[in-house]
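A.B. asks: input-v9.cif is the file, holding mmCIF, C-alpha atoms and all ligand atoms:
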```cif
data_final
#
loop_
_atom_site.label_atom_id
_atom_site.label_comp_id
_atom_site.auth_asym_id
_atom_site.auth_seq_id
_atom_site.Cartn_x
_atom_site.Cartn_y
_atom_site.Cartn_z
CA MET A 286 85.41 -1.09 -19.37
CA SER A 287 83.28 -3.26 -21.62
CA THR A 288 85.47 -5.59 -23.62
CA ALA A 289 83.03 -7.48 -25.89
CA ARG A 290 81.78 -5.35 -28.71
CA ILE A 291 78.00 -5.15 -28.96
CA ASP A 292 76.14 -3.92 -32.04
CA TRP A 293 72.44 -3.15 -32.07
CA ILE A 294 69.77 -3.25 -34.67
CA SER A 295 66.72 -1.10 -34.03
CA ARG A 296 63.65 -1.66 -36.22
CA PRO A 297 60.64 0.51 -36.91
CA ALA A 298 57.91 -0.19 -34.34
CA GLY A 299 54.32 0.62 -33.49
CA ALA A 300 52.96 2.61 -30.55
CA LEU A 301 54.96 2.48 -27.29
CA GLN A 302 52.96 1.79 -24.16
CA GLY A 303 53.66 1.15 -20.51
CA GLU A 304 55.04 2.38 -17.21
CA MET A 305 58.64 2.23 -16.12
CA ILE A 306 61.23 3.37 -13.62
CA VAL A 307 64.57 4.19 -15.22
CA PRO A 308 67.77 3.61 -13.20
CA GLY A 309 69.18 5.99 -10.60
CA ASP A 310 70.87 9.28 -11.36
CA LYS A 311 74.50 8.91 -12.37
CA SER A 312 75.71 12.27 -11.07
CA ILE A 313 74.10 11.78 -7.67
CA SER A 314 75.27 8.15 -7.38
CA HIS A 315 78.94 9.12 -7.91
CA ARG A 316 78.73 11.87 -5.32
CA ALA A 317 76.85 9.72 -2.79
CA ILE A 318 79.62 7.11 -2.80
CA MET A 319 82.35 9.75 -2.47
CA LEU A 320 80.82 11.67 0.41
CA ALA A 321 79.61 8.56 2.24
CA ALA A 322 83.16 7.14 2.01
CA LEU A 323 84.65 10.30 3.55
CA ALA A 324 81.97 10.66 6.22
CA GLU A 325 82.13 9.49 9.80
CA GLY A 326 79.63 6.67 10.28
CA THR A 327 77.56 4.42 8.08
CA SER A 328 75.45 5.72 5.20
CA ARG A 329 72.89 3.86 3.16
CA ILE A 330 72.36 4.72 -0.49
CA ASP A 331 69.14 3.58 -2.18
CA GLY A 332 68.44 3.96 -5.88
CA PHE A 333 72.18 3.71 -6.62
CA LEU A 334 72.91 3.41 -10.33
CA GLU A 335 74.26 -0.09 -11.03
CA GLY A 336 76.17 1.25 -14.04
CA GLU A 337 79.79 0.65 -14.90
CA ASP A 338 80.72 4.29 -14.25
CA THR A 339 79.33 4.44 -10.73
CA ARG A 340 80.51 0.94 -9.85
CA ALA A 341 84.00 2.01 -10.92
CA THR A 342 83.82 4.86 -8.41
CA ALA A 343 82.66 2.49 -5.66
CA ALA A 344 85.48 0.05 -6.52
CA ILE A 345 88.03 2.89 -6.25
CA PHE A 346 86.96 3.63 -2.68
CA ALA A 347 87.00 -0.07 -1.83
CA ARG A 348 90.64 -0.10 -3.03
CA MET A 349 91.36 2.73 -0.62
CA GLY A 350 90.01 0.76 2.33
CA VAL A 351 86.33 1.71 2.44
CA ARG A 352 83.99 -1.18 3.20
CA ILE A 353 80.97 -1.02 0.91
CA GLU A 354 78.19 -3.61 1.19
CA THR A 355 75.53 -4.35 -1.41
CA PRO A 356 72.49 -5.49 0.60
CA SER A 357 70.46 -5.64 -2.61
CA ALA A 358 70.74 -4.39 -6.17
CA SER A 359 70.75 -0.57 -6.31
CA SER A 360 71.55 -0.23 -2.62
CA ARG A 361 74.87 0.29 -0.89
CA ILE A 362 75.88 0.52 2.73
CA VAL A 363 79.04 2.56 2.99
CA HIS A 364 81.17 2.41 6.12
CA GLY A 365 82.72 5.85 6.02
CA VAL A 366 86.33 6.27 7.12
CA GLY A 367 86.31 10.01 7.75
CA LEU A 368 88.05 12.74 5.78
CA HIS A 369 91.54 11.42 6.59
CA GLY A 370 90.82 7.69 6.78
CA LEU A 371 91.51 6.53 3.20
CA HIS A 372 94.49 4.20 2.64
CA ALA A 373 96.97 4.31 -0.24
CA PRO A 374 95.70 2.00 -3.00
CA ASP A 375 97.99 -0.79 -4.20
CA ASP A 376 97.46 0.01 -7.89
CA VAL A 377 96.31 2.67 -10.34
CA LEU A 378 92.66 3.66 -9.95
CA ASP A 379 90.51 2.98 -13.01
CA CYS A 380 87.60 5.35 -13.57
CA GLY A 381 86.42 3.45 -16.66
CA ASN A 382 84.43 5.73 -18.96
CA ALA A 383 83.55 8.27 -16.27
CA GLY A 384 84.58 11.89 -16.67
CA THR A 385 82.66 12.70 -13.50
CA GLY A 386 84.52 10.02 -11.58
CA MET A 387 87.94 11.18 -12.73
CA ARG A 388 87.43 14.93 -12.36
CA LEU A 389 85.79 14.79 -8.93
CA LEU A 390 88.35 12.28 -7.68
CA ALA A 391 91.19 14.50 -8.89
CA GLY A 392 90.00 17.17 -6.45
CA LEU A 393 89.35 14.78 -3.61
CA LEU A 394 92.62 12.87 -3.98
CA ALA A 395 94.69 16.06 -4.22
CA GLY A 396 94.07 16.44 -0.50
CA GLN A 397 95.26 12.98 0.57
CA ALA A 398 98.53 12.11 2.29
CA PHE A 399 99.41 9.45 -0.35
CA ASP A 400 100.06 9.35 -4.10
CA THR A 401 97.47 8.04 -6.56
CA THR A 402 97.14 7.59 -10.31
CA LEU A 403 93.78 7.93 -12.07
CA THR A 404 93.30 6.27 -15.41
CA GLY A 405 90.36 5.31 -17.61
CA ASP A 406 89.23 3.74 -20.86
CA GLU A 407 90.23 4.87 -24.35
CA SER A 408 87.46 7.51 -24.45
CA LEU A 409 88.30 8.96 -21.04
CA LYS A 410 92.00 9.09 -21.90
CA LYS A 411 91.14 11.58 -24.66
CA ARG A 412 89.17 13.96 -22.46
CA PRO A 413 90.60 17.31 -21.30
CA MET A 414 91.75 17.42 -17.69
CA ARG A 415 93.51 20.80 -17.59
CA ARG A 416 90.20 22.32 -16.66
CA VAL A 417 90.61 20.61 -13.28
CA THR A 418 94.38 20.32 -12.93
CA GLU A 419 94.94 24.07 -13.40
CA PRO A 420 92.64 25.34 -10.64
CA LEU A 421 93.75 22.46 -8.39
CA ALA A 422 97.39 23.45 -8.97
CA ALA A 423 96.47 27.00 -7.97
CA MET A 424 95.22 25.48 -4.69
CA GLY A 425 98.61 23.83 -4.17
CA ALA A 426 97.89 20.38 -5.67
CA ARG A 427 100.62 18.57 -7.58
CA ILE A 428 99.16 16.65 -10.50
CA ASP A 429 101.01 15.44 -13.59
CA ALA A 430 99.12 14.61 -16.76
CA GLU A 431 100.10 13.32 -20.18
CA PRO A 432 100.92 15.85 -22.93
CA GLY A 433 97.86 17.94 -23.74
CA GLY A 434 96.63 17.63 -20.15
CA LEU A 435 95.26 14.15 -20.78
CA PRO A 436 94.90 11.21 -18.37
CA PRO A 437 96.35 9.29 -16.65
CA LEU A 438 96.63 11.80 -13.82
CA ARG A 439 99.41 11.25 -11.30
CA ILE A 440 98.40 12.98 -8.08
CA ARG A 441 101.03 13.55 -5.44
CA GLY A 442 99.93 13.24 -1.85
CA GLY A 443 100.98 15.36 1.10
CA SER A 444 100.33 18.70 -0.61
CA LYS A 445 99.15 21.52 1.57
CA LEU A 446 96.06 22.89 -0.13
CA ARG A 447 94.78 26.43 0.25
CA GLY A 448 91.34 27.80 -0.57
CA ILE A 449 90.79 29.59 -3.85
CA ASP A 450 88.33 32.05 -5.34
CA TYR A 451 87.79 30.72 -8.82
CA GLU A 452 85.71 31.88 -11.73
CA LEU A 453 85.04 28.94 -14.05
CA PRO A 454 85.85 29.66 -17.69
CA VAL A 455 83.30 27.03 -18.83
CA ALA A 456 80.05 26.05 -17.13
CA SER A 457 81.03 22.65 -15.73
CA ALA A 458 79.63 20.94 -12.67
CA GLN A 459 82.52 18.51 -12.75
CA VAL A 460 85.13 21.26 -12.49
CA LYS A 461 83.14 23.12 -9.82
CA SER A 462 82.82 19.89 -7.84
CA ALA A 463 86.51 18.99 -8.13
CA ILE A 464 87.43 22.37 -6.65
CA LEU A 465 84.85 22.12 -3.86
CA LEU A 466 86.04 18.62 -2.92
CA ALA A 467 89.65 19.81 -2.80
CA GLY A 468 88.32 22.69 -0.69
CA LEU A 469 87.33 20.21 2.04
CA TYR A 470 91.06 19.65 2.60
CA ALA A 471 92.17 23.26 2.12
CA GLY A 472 93.09 25.93 4.61
CA GLY A 473 90.70 28.89 4.30
CA ALA A 474 87.59 29.26 2.19
CA THR A 475 87.04 27.98 -1.35
CA GLU A 476 84.65 29.84 -3.63
CA VAL A 477 83.59 28.94 -7.15
CA ARG A 478 81.62 31.14 -9.54
CA GLU A 479 80.14 29.90 -12.81
CA PRO A 480 79.27 31.67 -16.08
CA HIS A 481 75.94 29.79 -16.02
CA PRO A 482 74.61 27.80 -13.07
CA THR A 483 75.27 24.05 -13.34
CA ARG A 484 73.89 21.06 -11.45
CA ASP A 485 74.32 21.65 -7.72
CA TYR A 486 74.36 18.07 -6.43
CA THR A 487 77.77 18.39 -4.79
CA GLU A 488 76.67 21.46 -2.89
CA ARG A 489 73.37 19.94 -1.77
CA MET A 490 74.99 16.70 -0.76
CA LEU A 491 77.79 18.40 1.17
CA ALA A 492 75.10 20.24 3.12
CA ALA A 493 73.22 16.96 3.72
CA PHE A 494 76.45 15.40 5.05
CA GLY A 495 76.77 18.30 7.48
CA TRP A 496 79.45 20.48 5.85
CA PRO A 497 78.79 24.21 6.22
CA ILE A 498 78.41 25.44 2.64
CA GLU A 499 76.70 28.48 1.18
CA PHE A 500 75.39 28.22 -2.32
CA GLU A 501 73.03 29.81 -4.77
CA PRO A 502 72.71 29.35 -8.53
CA GLY A 503 76.10 30.24 -10.05
CA ARG A 504 78.09 30.43 -6.80
CA ALA A 505 79.27 28.15 -3.99
CA ARG A 506 81.54 28.78 -1.03
CA LEU A 507 82.78 26.51 1.72
CA PRO A 508 85.36 26.66 4.52
CA GLY A 509 87.97 23.95 5.05
CA GLY A 510 88.48 22.10 8.31
CA HIS A 511 85.11 20.51 9.05
CA ARG A 512 83.84 16.92 9.02
CA LEU A 513 81.28 14.96 7.06
CA ARG A 514 78.68 13.02 9.02
CA ALA A 515 77.03 9.91 7.59
CA THR A 516 73.54 10.25 6.22
CA ASP A 517 71.23 8.20 4.02
CA VAL A 518 70.76 9.12 0.37
CA VAL A 519 67.81 8.30 -1.88
CA VAL A 520 68.81 8.67 -5.53
CA PRO A 521 66.04 9.69 -7.94
CA ALA A 522 65.64 8.17 -11.41
CA ASP A 523 68.01 9.79 -13.90
CA PHE A 524 66.36 12.42 -16.11
CA SER A 525 69.05 11.82 -18.73
CA SER A 526 67.98 8.17 -18.98
CA ALA A 527 64.29 9.09 -19.02
CA ALA A 528 65.04 11.45 -21.92
CA PHE A 529 65.35 8.61 -24.46
CA PHE A 530 61.84 7.42 -23.64
CA LEU A 531 60.40 10.93 -23.57
CA VAL A 532 61.56 11.43 -27.14
CA ALA A 533 60.71 7.89 -28.28
CA ALA A 534 57.07 8.18 -27.16
CA THR A 535 56.83 11.68 -28.58
CA LEU A 536 57.96 10.47 -32.00
CA VAL A 537 55.98 7.23 -32.41
CA PRO A 538 52.28 7.80 -33.22
CA GLY A 539 49.81 6.41 -30.69
CA SER A 540 52.35 6.16 -27.88
CA ARG A 541 51.82 6.82 -24.20
CA LEU A 542 54.46 6.14 -21.54
CA LEU A 543 54.55 6.87 -17.84
CA LEU A 544 58.01 7.33 -16.33
CA ARG A 545 57.88 7.13 -12.57
CA ALA A 546 59.74 9.27 -10.01
CA VAL A 547 62.07 11.06 -12.41
CA GLY A 548 64.49 13.59 -10.90
CA LEU A 549 63.58 17.10 -12.08
CA ASN A 550 66.42 19.24 -10.79
CA PRO A 551 66.04 22.43 -12.87
CA ARG A 552 69.72 22.28 -13.89
CA ARG A 553 68.97 19.01 -15.68
CA THR A 554 65.64 19.50 -17.38
CA GLY A 555 66.42 21.85 -20.25
CA LEU A 556 65.32 19.13 -22.66
CA LEU A 557 61.79 19.21 -21.22
CA GLN A 558 61.57 22.89 -22.06
CA ALA A 559 63.08 22.42 -25.51
CA LEU A 560 60.72 19.55 -26.34
CA ARG A 561 57.72 21.54 -25.15
CA LEU A 562 58.78 24.45 -27.36
CA MET A 563 58.85 21.93 -30.22
CA GLY A 564 55.27 20.85 -29.43
CA ALA A 565 55.76 17.79 -27.19
CA ASP A 566 53.00 16.63 -24.83
CA ILE A 567 54.74 15.80 -21.55
CA ARG A 568 52.85 16.16 -18.26
CA GLU A 569 54.12 16.06 -14.70
CA HIS A 570 52.07 14.21 -12.11
CA ASP A 571 52.42 13.87 -8.36
CA ALA A 572 55.37 16.28 -8.07
CA ARG A 573 57.06 15.61 -4.71
CA GLU A 574 60.37 15.68 -2.86
CA GLN A 575 62.52 12.59 -2.62
CA GLY A 576 65.87 12.72 -0.87
CA GLY A 577 65.93 16.52 -1.18
CA GLU A 578 65.32 16.49 -4.95
CA ARG A 579 62.12 17.33 -6.82
CA VAL A 580 60.73 14.28 -8.60
CA ALA A 581 57.53 13.67 -10.56
CA ASP A 582 55.94 11.00 -12.74
CA LEU A 583 56.22 12.07 -16.38
CA GLU A 584 53.45 11.12 -18.78
CA VAL A 585 54.38 11.49 -22.42
CA ARG A 586 52.14 11.08 -25.46
CA HIS A 587 52.89 11.23 -29.13
CA ALA A 588 52.94 14.72 -30.62
CA ALA A 589 54.11 16.19 -33.91
CA LEU A 590 57.23 18.32 -33.45
CA ARG A 591 58.41 21.48 -35.17
CA GLY A 592 61.99 22.71 -35.39
CA ILE A 593 63.14 25.46 -33.03
CA GLU A 594 66.14 27.58 -32.28
CA VAL A 595 67.28 26.05 -28.97
CA PRO A 596 67.56 28.97 -26.51
CA VAL A 597 71.26 29.26 -25.75
CA GLU A 598 70.60 29.72 -22.04
CA LEU A 599 69.07 26.22 -21.96
CA VAL A 600 72.26 24.58 -23.23
CA PRO A 601 73.97 23.86 -19.87
CA ASP A 602 70.67 22.51 -18.48
CA MET A 603 70.43 19.92 -21.25
CA ILE A 604 74.09 19.30 -21.93
CA ASP A 605 73.78 15.49 -21.89
CA GLU A 606 70.54 15.47 -23.90
CA PHE A 607 71.76 16.82 -27.25
CA PRO A 608 72.18 13.41 -28.90
CA ILE A 609 68.51 12.61 -28.30
CA LEU A 610 67.43 16.17 -29.11
CA PHE A 611 69.15 15.73 -32.49
CA VAL A 612 66.96 12.67 -33.13
CA ALA A 613 63.81 14.64 -32.21
CA ALA A 614 65.01 17.42 -34.54
CA ALA A 615 65.61 14.92 -37.37
CA VAL A 616 61.90 14.02 -37.32
CA ALA A 617 60.54 17.52 -36.58
CA GLN A 618 59.08 19.70 -39.28
CA GLY A 619 61.59 22.39 -40.24
CA THR A 620 65.05 23.19 -38.96
CA THR A 621 66.34 23.00 -35.41
CA ARG A 622 69.27 25.26 -34.65
CA VAL A 623 71.74 24.50 -31.84
CA ARG A 624 74.47 27.00 -30.91
CA GLY A 625 76.67 27.61 -27.86
CA ALA A 626 77.24 23.88 -27.41
CA ALA A 627 80.98 23.50 -28.16
CA GLU A 628 81.31 21.44 -24.95
CA LEU A 629 79.63 18.60 -26.85
CA ARG A 630 82.91 18.09 -28.69
CA VAL A 631 84.67 16.92 -25.50
CA LYS A 632 82.10 14.52 -24.07
CA GLU A 633 82.36 10.71 -24.28
CA SER A 634 82.70 11.35 -28.03
CA ASP A 635 82.62 14.48 -30.18
CA ARG A 636 78.84 14.48 -30.03
CA LEU A 637 78.36 17.18 -32.66
CA ALA A 638 80.43 15.31 -35.24
CA VAL A 639 79.19 11.83 -34.35
CA MET A 640 75.49 12.80 -34.35
CA ALA A 641 75.86 14.76 -37.59
CA ALA A 642 77.56 11.79 -39.28
CA GLY A 643 74.97 9.33 -37.99
CA LEU A 644 71.97 11.43 -39.01
CA ARG A 645 73.47 12.02 -42.46
CA ALA A 646 73.88 8.24 -42.84
CA LEU A 647 70.10 8.07 -42.29
CA GLY A 648 69.47 10.69 -44.99
CA ILE A 649 68.96 13.72 -42.72
CA ALA A 650 70.66 16.98 -43.71
CA VAL A 651 72.80 18.46 -40.94
CA ASP A 652 75.01 21.56 -41.16
CA GLU A 653 77.64 21.35 -38.46
CA THR A 654 79.23 24.49 -36.97
CA PRO A 655 82.06 24.76 -34.42
CA ASP A 656 79.57 25.10 -31.55
CA GLY A 657 76.39 23.51 -32.83
CA ALA A 658 74.42 22.37 -35.84
CA ASP A 659 71.36 23.04 -37.96
CA ILE A 660 69.34 19.85 -38.27
CA HIS A 661 66.86 19.86 -41.14
CA GLY A 662 63.96 17.63 -40.16
CA GLY A 663 62.80 14.98 -42.60
CA ALA A 664 62.10 11.27 -42.85
CA PRO A 665 65.04 9.14 -41.65
CA GLN A 666 65.91 6.12 -43.79
CA GLY A 667 67.37 2.92 -42.45
CA GLY A 668 71.14 2.61 -42.44
CA ALA A 669 74.30 1.95 -40.48
CA VAL A 670 75.66 4.34 -37.85
CA ASP A 671 78.57 4.24 -35.42
CA SER A 672 78.11 5.27 -31.79
CA HIS A 673 81.90 5.55 -31.30
CA GLY A 674 81.45 3.82 -27.97
CA ASP A 675 79.29 6.67 -26.66
CA HIS A 676 76.38 5.37 -24.59
CA ARG A 677 74.07 8.30 -25.23
CA ILE A 678 74.68 8.21 -28.99
CA ALA A 679 73.88 4.47 -29.07
CA MET A 680 70.57 4.95 -27.20
CA SER A 681 69.67 7.96 -29.35
CA PHE A 682 70.02 5.96 -32.56
CA ALA A 683 68.01 3.12 -31.02
CA VAL A 684 65.20 5.70 -30.77
CA ALA A 685 65.84 6.84 -34.36
CA GLY A 686 65.37 3.23 -35.50
CA LEU A 687 61.77 3.27 -34.21
CA VAL A 688 60.74 5.92 -36.72
CA ALA A 689 63.14 5.27 -39.59
CA ARG A 690 61.84 3.76 -42.81
CA ASP A 691 64.04 0.70 -42.31
CA ALA A 692 66.23 -0.87 -39.65
CA VAL A 693 69.07 1.18 -38.15
CA ARG A 694 72.26 -0.75 -37.35
CA ILE A 695 74.26 0.80 -34.54
CA ALA A 696 77.89 -0.15 -33.97
CA ASP A 697 79.71 -0.20 -30.64
CA CYS A 698 76.94 -0.09 -28.03
CA ALA A 699 78.50 -1.95 -25.07
CA ASN A 700 79.09 1.32 -23.18
CA VAL A 701 75.36 1.77 -22.68
CA ALA A 702 76.09 -0.27 -19.54
CA THR A 703 78.05 2.71 -18.16
CA SER A 704 74.87 4.71 -17.53
CA PHE A 705 71.83 2.60 -18.38
CA PRO A 706 72.13 -1.08 -17.57
CA GLY A 707 69.00 -2.86 -18.81
CA PHE A 708 68.14 -0.28 -21.46
CA GLU A 709 67.50 -2.92 -24.09
CA ALA A 710 65.06 -4.92 -21.92
CA LEU A 711 63.19 -1.82 -20.77
CA ALA A 712 62.97 -0.52 -24.32
CA ASN A 713 61.68 -3.79 -25.71
CA ALA A 714 59.16 -4.11 -22.85
CA CYS A 715 57.43 -0.89 -23.98
CA GLY A 716 57.48 -1.70 -27.69
CA PHE A 717 60.94 -1.10 -29.19
CA ARG A 718 62.24 -3.77 -31.58
CA LEU A 719 65.85 -3.70 -30.49
CA ASP A 720 68.22 -6.65 -30.92
CA SER A 721 71.87 -6.97 -30.08
CA GLY A 722 74.67 -9.12 -31.31
CA VAL A 723 78.05 -9.59 -29.65
CA ALA A 724 80.90 -9.36 -32.13
C1 LIG B 1 78.26 15.95 -14.76
C2 LIG B 1 78.47 17.18 -15.34
C3 LIG B 1 78.41 17.39 -16.80
C4 LIG B 1 77.69 16.26 -17.50
C5 LIG B 1 78.15 14.92 -17.02
C6 LIG B 1 77.90 14.76 -15.54
C7 LIG B 1 78.37 15.83 -13.29
O1 LIG B 1 79.73 17.46 -17.31
O2 LIG B 1 77.90 16.35 -18.90
O3 LIG B 1 77.46 13.88 -17.71
O4 LIG B 1 77.95 14.81 -12.73
O5 LIG B 1 78.87 16.77 -12.66
P1 LIG B 1 80.56 18.86 -17.36
O6 LIG B 1 80.90 19.24 -15.97
O7 LIG B 1 81.79 18.51 -18.17
O8 LIG B 1 79.67 19.83 -18.06
#
```
Let me see the file written as structure tokens.
C.D. replies:
Amino acid sequence: MSTARIDWISRPAGALQGEMIVPGDKSISHRAIMLAALAEGTSRIDGFLEGEDTRATAAIFARMGVRIETPSASSRIVHGVGLHGLHAPDDVLDCGNAGTGMRLLAGLLAGQAFDTTLTGDESLKKRPMRRVTEPLAAMGARIDAEPGGLPPLRIRGGSKLRGIDYELPVASAQVKSAILLAGLYAGGATEVREPHPTRDYTERMLAAFGWPIEFEPGRARLPGGHRLRATDVVVPADFSSAAFFLVAATLVPGSRLLLRAVGLNPRRTGLLQALRLMGADIREHDAREQGGERVADLEVRHAALRGIEVPVELVPDMIDEFPILFVAAAVAQGTTRVRGAAELRVKESDRLAVMAAGLRALGIAVDETPDGADIHGGAPQGGAVDSHGDHRIAMSFAVAGLVARDAVRIADCANVATSFPGFEALANACGFRLDSGVA
């Protein structure tokens, strides 16, 4: 989505201090727009992530005739059109960088009366889509992809969908959600079982919008043939965005940061557990419910870290946090071992390869394996790394620059705007020394 190339330079800095609220949760923001658009009535979304990914999803529904107002930044008023009220768009639908957008929309659009085409940026066009097109085809959807099951996806309308009982081969909330959203349009019941429970935002939000759904960790089941009723959604701050500051303050001596109202859904907070096993000092204050999700203020202070073997059962609960965990591991004493994380190879970049290459460029020894890595903690030097257009890699190396011996130059950072608009300003406000240049 971002056209101008932005490079960053992150310099070693002193203690980080301050309080902040990081932007709204990306996963919840995507789903809130989708369900509000398909609901009957008007829904208000507060805390909406003003990122490129979630705005792309909102723009897609606007193209299909949904009126979406922006009363103020991070709020949307969505005039839902009902399950069958979308119009055929006049062009292909561009999901930008968003795997969540494309996979969930594939399920939802499979049930429409009209044809659609979903496309995305160069990164998204390399991401595997068979994981959704195969189960959707088993439900009766007709979706053509490029060779290798890659986007664009051409989805034919007018298909009669039927419910499915599907056991996911990989733990993926996106695949689960695509099937459940197709299930809204299917005859009969749709059931999904997962090898390890994944984030349950689709299930919780369907219930909040009035759809009868049964779910428990690892399983969800819903009948077709009901309606969604408008409701208001309050989106908590994104734990995955907070993660960069949790690690930054942990690593820089003398630091103390307070991150307000962070979403603590247990399917997202594996990194908290991993960091605590490594010796981090992160406290939860004022734990409360906000919009049906558990949130708390997180207070983090500097602590020395030691390497750990990351418990394999934590992997799905911290799947987006491995880039920043790798940075923590690079500074920890001893070796950190990650296994069971092959999914990292098919994220916005091949995160195992890109993090290993970047840390090596900073003088850290990393042994890569097909499904993980051993990161041998040490003292990162300055150097030049490439984020490969991956937002989370760019922000992770910005954190590495704080504790490296010299400046870290990070190439290709514009995509940070997909998930964390304003990262640079927030980081500098608490003590980072981060500069950008547009190439
Ligand atoms: C997401 C699910 C995860 C995660 C992604 C967001 C979601 O992807 O990595 O950032 O919102 O459902 P997978 O379903 O591919 O594991």
A.B. asks: Around ligand LIG 1 (chain B), out to 9 Å and counting all atoms listed in the file, which residues are there? I want them as a ChimeraX atom specification.
C.D. replies: /A:311-316,383-386,388-389,455-462,483-487,525,601,603-606,628-629,631-633
A.B. asks: Env of Gly396 (chain A): 8 Å cut, atoms = all atoms listed in the file, seq-sep filter 2 positions within chain, self excluded. Answer as a list in words.
C.D. replies: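 The contact residues come out as Gly392, Leu393, Leu394, Ala398, Ala426, Gly442, Gly443, Ser444, Lys445, Leu446, Ala467, Tyr470 and Ala471 of chain A.
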A.B. asks: What's around Arg290 (chain A) at 12 Å? Count only C-alpha atoms, leave out sequence neighbours fewer than 5 positions away in its own chain, and write the answer as number ranges by chain.
C.D. replies: A: 672-674, 695-702, 721-724
A.B. asks: Using C-alpha atoms, can you write the selected residues to a file as an mmCIF file, in the frame of the given file?
C.D. replies:
```cif
data_model
loop_
_atom_site.group_PDB
_atom_site.id
_atom_site.type_symbol
_atom_site.label_atom_id
_atom_site.label_comp_id
_atom_site.auth_asym_id
_atom_site.auth_seq_id
_atom_site.Cartn_x
_atom_site.Cartn_y
_atom_site.Cartn_z
ATOM 1 C CA SER A 672 78.110 5.270 -31.790
ATOM 2 C CA HIS A 673 81.900 5.550 -31.300
ATOM 3 C CA GLY A 674 81.450 3.820 -27.970
ATOM 4 C CA ILE A 695 74.260 0.800 -34.540
ATOM 5 C CA ALA A 696 77.890 -0.150 -33.970
ATOM 6 C CA ASP A 697 79.710 -0.200 -30.640
ATOM 7 C CA CYS A 698 76.940 -0.090 -28.030
ATOM 8 C CA ALA A 699 78.500 -1.950 -25.070
ATOM 9 C CA ASN A 700 79.090 1.320 -23.180
ATOM 10 C CA VAL A 701 75.360 1.770 -22.680
ATOM 11 C CA ALA A 702 76.090 -0.270 -19.540
ATOM 12 C CA SER A 721 71.870 -6.970 -30.080
ATOM 13 C CA GLY A 722 74.670 -9.120 -31.310
ATOM 14 C CA VAL A 723 78.050 -9.590 -29.650
ATOM 15 C CA ALA A 724 80.900 -9.360 -32.130
#
```
A.B. asks: Using only C-alpha atoms, which residue out of A:Leu549, A:Ala527, A:Ala614, A:Leu323 lies closest to Met563 (chain A)?
C.D. replies: A:Ala614
A.B. asks: To one decimal in Å, tell me the separation between CA of Gly663 (chain A) and CA of Leu531 (chain A).
C.D. replies: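 CA of Gly663 (chain A) sits 19.6 Å away from CA of Leu531 (chain A).
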A.B. asks: For Glu653 (chain A), please output as a list of chain:residue names all residues within 9 Å (counting all atoms listed in the file; exclusion window: fewer than 4 positions along the same chain).
C.D. replies: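 Here the qualifying residues turn out to be A:Leu637, A:Ala638, A:Ala641, A:Gly657, A:Ala658, A:Asp659, A:Ile660.
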A.B. asks: For each of A:Ile449, A:Ala289, A:Val518, A:Leu583, take the minimum atom-to-atom distance to Ile330 (chain A), counting all atoms listed in the file, then give the residue where this is smallest.
C.D. replies: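 Ranking A:Ile449, A:Ala289, A:Val518, A:Leu583 by distance to Ile330 (chain A), first place goes to A:Val518.
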A.B. asks: Using all atoms listed in the file for the distances, tell me which of A:Leu536, A:Val307, A:Leu403, A:Val366 is nearest to Leu610 (chain A).
C.D. replies: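 So, comparing all the options, the nearest one is A:Leu536.
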A.B. asks: To one decimal place in Å, what is the distance between CA of Pro551 (chain A) and CA of Met680 (chain A)?
C.D. replies: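 Computing the Euclidean distance for CA of Pro551 (chain A) and CA of Met680 (chain A) yields 23.1 Å.
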